Amino acid sequence: MKRIILIVFSVVMVVQAHAQQDAMFTHYSFNTLAINPGYAGSRDALTFTVLHRSQWVSFPGAPVTQTFTVHSPIANERVGLGLSILNDKIGPTNQTSVFADFAYKLPVGKGILAFGLKGGFNYVKHDISGLVTTQPNDPAFQSDQQSRMLPNVGTGLYYSTPKYYLGFSIPRLLENNFSDNSTSVASTEQRHYFFIGGAIFNITESGVLKLRPTTFVKVTAGAPVEMDLTALFYYKDNFWVGPMFRTGDAVGALIGLNILPNLSFGYSYDWSFTNKTGEYNGGSHELMLRYDFIFQSKKKIISPRYF
């Protein structure tokens, strides 16, 4: 029975990878640069962010993903530069992405509109020779090891004020072909369209308690439109906690703390409600760490940065 479950699960993950390869994060609002180059340099500091996600913990072949981003404003803050690195492993497929990010910012109304560009490469490796199969001599599961370096470019728009933000991006414009081996489960990269938004509201007049709702909408061919909704409650701008909901997929919660004025830590847990994977795994966990290096020319970051 375990072998049957593993085979079925591997097939499901391959189909999922074909339809939607981009990794998902419950901490999407803390990982904006990974999906939108227009975000580069928007925090008025040199910002480092590290994220780790273990999805469907304890299930063989489940996705495990890490991202590292760094970005900063330069040239009188009209320009933002950044670097995004992602490592994503799901079943027999491992993908490593390295992208440089560029943003040019213009004042518009009470906020800043940034035009972003992203350029880099994905290194993709497939190895399905080790998958369990009921047909030991099946040629489709033998000696299928492939790797490719795939260049790509992306673009994005990001508009922000101290109270809210909106964004649209296409992180990968090129739909590269992973493989031309007809027996391989490898597919082509699918173009993803991302819409993001968020705001911050005072719940109490003193501002001790605030509400920070955010959303993340993902659109791609071959998969249903997916929306993440999160509502974080901030206490004294130092501690946050709140629920999350992912349409057609999962529910969960986030909790976090500003350990120092420029050092933040977050944790999240989500559980899939659309299928019975919960019977075979311990849910999905994420860890987030962010550090803002404040330049000496700036006495402090303008107000607490919620985005």
# chains A, B, ... in the order shown; residues from 1 in each chain; ligands from 1
>>> select_by_dssp(residues="stretch 26-80 of chain A", states="strand (DSSP E or B)", output="PyMOL selection string")
chain A and resi 46-54+64-74+79-80
>>> select_by_dssp(residues="stretch 7-235 of chain A", states="helix (DSSP H, G or I)", output="list in words")
Ile7, Val8, Phe9, Ser10, Val11, Val12, Met13, Val14, Val15, Gln16, Ala17, His18, Ala19, Tyr28, Ser29, Phe30, Thr32, Leu33, Ala34, Pro37, Gly38, Tyr39, Pro139, Ala140 and Phe141 of chain A
>>> residues_around(residues="stretch 43-52 of chain A", least_positions_apart="5", cutoff="7 Å", atoms="only C-alpha atoms", output="ChimeraX atom specification")
/A:65-73,286-295,301,305
>>> closest_residue(among="A:Gly167, A:Pro60, A:Gly38, A:Pro92", to="A:Ala114", atoms="only C-alpha atoms")
A:Gly38
>>> closest_residue(among="A:Thr220, A:Ser42, A:Asn202, A:Asn176", to="A:Gly111", atoms="only C-alpha atoms")
A:Ser42
>>> atom_distance(atom1="atom CA of A:Val219", atom2="atom CA of A:Gln146")
28.0 Å
>>> closest_residue(among="A:Asn122, A:Thr274, A:Thr230, A:Thr247", to="A:Phe30", atoms="only C-alpha atoms")
A:Thr230
>>> closest_residue(among="A:Val108, A:Leu229, A:Ala100, A:Leu174", to="A:Gly248", atoms="only C-alpha atoms")
A:Leu229
>>> atom_distance(atom1="atom CA of A:Tyr28", atom2="atom CA of A:Asn177")
26.9 Å
>>> closest_residue(among="A:Phe168, A:Gly119, A:Gly80, A:Thr26", to="A:Asp249", atoms="only C-alpha atoms")
A:Thr26
>>> residues_around(residues="A:Arg148", least_positions_apart="4", cutoff="10 Å", atoms="only C-alpha atoms", output="list in words")
Gln95, Phe121, Asn122, Tyr123, Val124, Lys125, His126, Asn177, Phe178 and Ser179 of chain A
>>> write_last_selection(atoms="C-alpha atoms", output="PDB file, in the first residue's frame")
ATOM      1  CA  GLN A  95      15.546  23.567  -9.404  1.00  0.00           C
ATOM      2  CA  PHE A 121      18.736  31.521 -14.952  1.00  0.00           C
ATOM      3  CA  ASN A 122      17.112  28.341 -13.656  1.00  0.00           C
ATOM      4  CA  TYR A 123      19.209  25.211 -13.302  1.00  0.00           C
ATOM      5  CA  VAL A 124      16.812  22.257 -13.485  1.00  0.00           C
ATOM      6  CA  LYS A 125      17.728  18.642 -12.843  1.00  0.00           C
ATOM      7  CA  HIS A 126      15.417  15.626 -13.213  1.00  0.00           C
ATOM      8  CA  ASN A 177      11.490  23.605 -22.537  1.00  0.00           C
ATOM      9  CA  PHE A 178      12.979  21.481 -19.760  1.00  0.00           C
ATOM     10  CA  SER A 179      13.595  18.513 -22.027  1.00  0.00           C
TER      11      SER A 179
END
>>> decode(residues="stretch 168-239 of chain A", atoms="C-alpha atoms", output="CSV table (one decimal), in the first residue's frame")
chain,number,residue,atom,x,y,z
A,168,PHE,CA,1.7,42.9,-10.7
A,169,SER,CA,4.5,40.8,-12.0
A,170,ILE,CA,5.5,38.1,-14.5
A,171,PRO,CA,8.7,36.7,-13.0
A,172,ARG,CA,9.5,34.4,-16.0
A,173,LEU,CA,8.5,35.6,-19.4
A,174,LEU,CA,10.1,32.8,-21.4
A,175,GLU,CA,8.5,29.4,-21.5
A,176,ASN,CA,11.6,27.3,-21.7
A,177,ASN,CA,11.5,23.6,-22.5
A,178,PHE,CA,13.0,21.5,-19.8
A,179,SER,CA,13.6,18.5,-22.0
A,180,ASP,CA,13.0,17.2,-25.5
A,181,ASN,CA,13.2,13.6,-24.4
A,182,SER,CA,9.8,12.1,-25.2
A,183,THR,CA,9.9,9.6,-22.4
A,184,SER,CA,10.6,12.1,-19.8
A,185,VAL,CA,8.1,13.6,-17.4
A,186,ALA,CA,9.9,16.9,-17.7
A,187,SER,CA,7.7,19.8,-19.1
A,188,THR,CA,8.0,23.4,-20.1
A,189,GLU,CA,8.1,26.4,-17.8
A,190,GLN,CA,4.7,27.9,-17.5
A,191,ARG,CA,4.3,31.7,-17.5
A,192,HIS,CA,2.9,32.9,-14.1
A,193,TYR,CA,1.0,36.1,-13.5
A,194,PHE,CA,1.1,37.4,-9.9
A,195,PHE,CA,-1.1,40.1,-8.3
A,196,ILE,CA,-0.3,41.3,-4.8
A,197,GLY,CA,-1.8,43.8,-2.4
A,198,GLY,CA,-1.8,44.7,1.3
A,199,ALA,CA,-2.6,47.4,3.8
A,200,ILE,CA,-2.2,48.4,7.4
A,201,PHE,CA,-5.0,49.7,9.6
A,202,ASN,CA,-5.1,50.9,13.2
A,203,ILE,CA,-7.6,48.9,15.3
A,204,THR,CA,-7.1,51.0,18.4
A,205,GLU,CA,-6.8,54.8,18.3
A,206,SER,CA,-3.4,54.6,20.0
A,207,GLY,CA,-2.1,52.3,17.3
A,208,VAL,CA,-1.1,49.6,19.8
A,209,LEU,CA,-3.1,47.0,17.8
A,210,LYS,CA,-3.0,47.0,14.0
A,211,LEU,CA,-4.4,44.8,11.3
A,212,ARG,CA,-2.4,44.0,8.2
A,213,PRO,CA,-4.5,42.2,5.5
A,214,THR,CA,-2.6,40.9,2.4
A,215,THR,CA,-3.5,38.9,-0.7
A,216,PHE,CA,-1.5,37.1,-3.4
A,217,VAL,CA,-3.3,35.9,-6.6
A,218,LYS,CA,-1.6,33.4,-8.9
A,219,VAL,CA,-2.7,32.8,-12.5
A,220,THR,CA,-1.1,30.3,-14.9
A,221,ALA,CA,-2.2,28.1,-17.8
A,222,GLY,CA,-3.3,24.6,-16.8
A,223,ALA,CA,-4.1,25.3,-13.2
A,224,PRO,CA,-7.0,27.0,-11.3
A,225,VAL,CA,-6.6,30.6,-10.3
A,226,GLU,CA,-5.3,30.5,-6.7
A,227,MET,CA,-5.6,33.2,-4.1
A,228,ASP,CA,-3.8,33.5,-0.7
A,229,LEU,CA,-5.5,35.7,2.0
A,230,THR,CA,-3.8,36.6,5.2
A,231,ALA,CA,-4.8,38.8,8.2
A,232,LEU,CA,-1.9,39.6,10.6
A,233,PHE,CA,-2.7,41.4,13.9
A,234,TYR,CA,0.3,43.5,15.1
A,235,TYR,CA,0.8,44.3,18.8
A,236,LYS,CA,3.0,47.4,19.5
A,237,ASP,CA,4.6,46.8,16.1
A,238,ASN,CA,6.7,44.1,17.6
A,239,PHE,CA,4.6,40.9,17.6
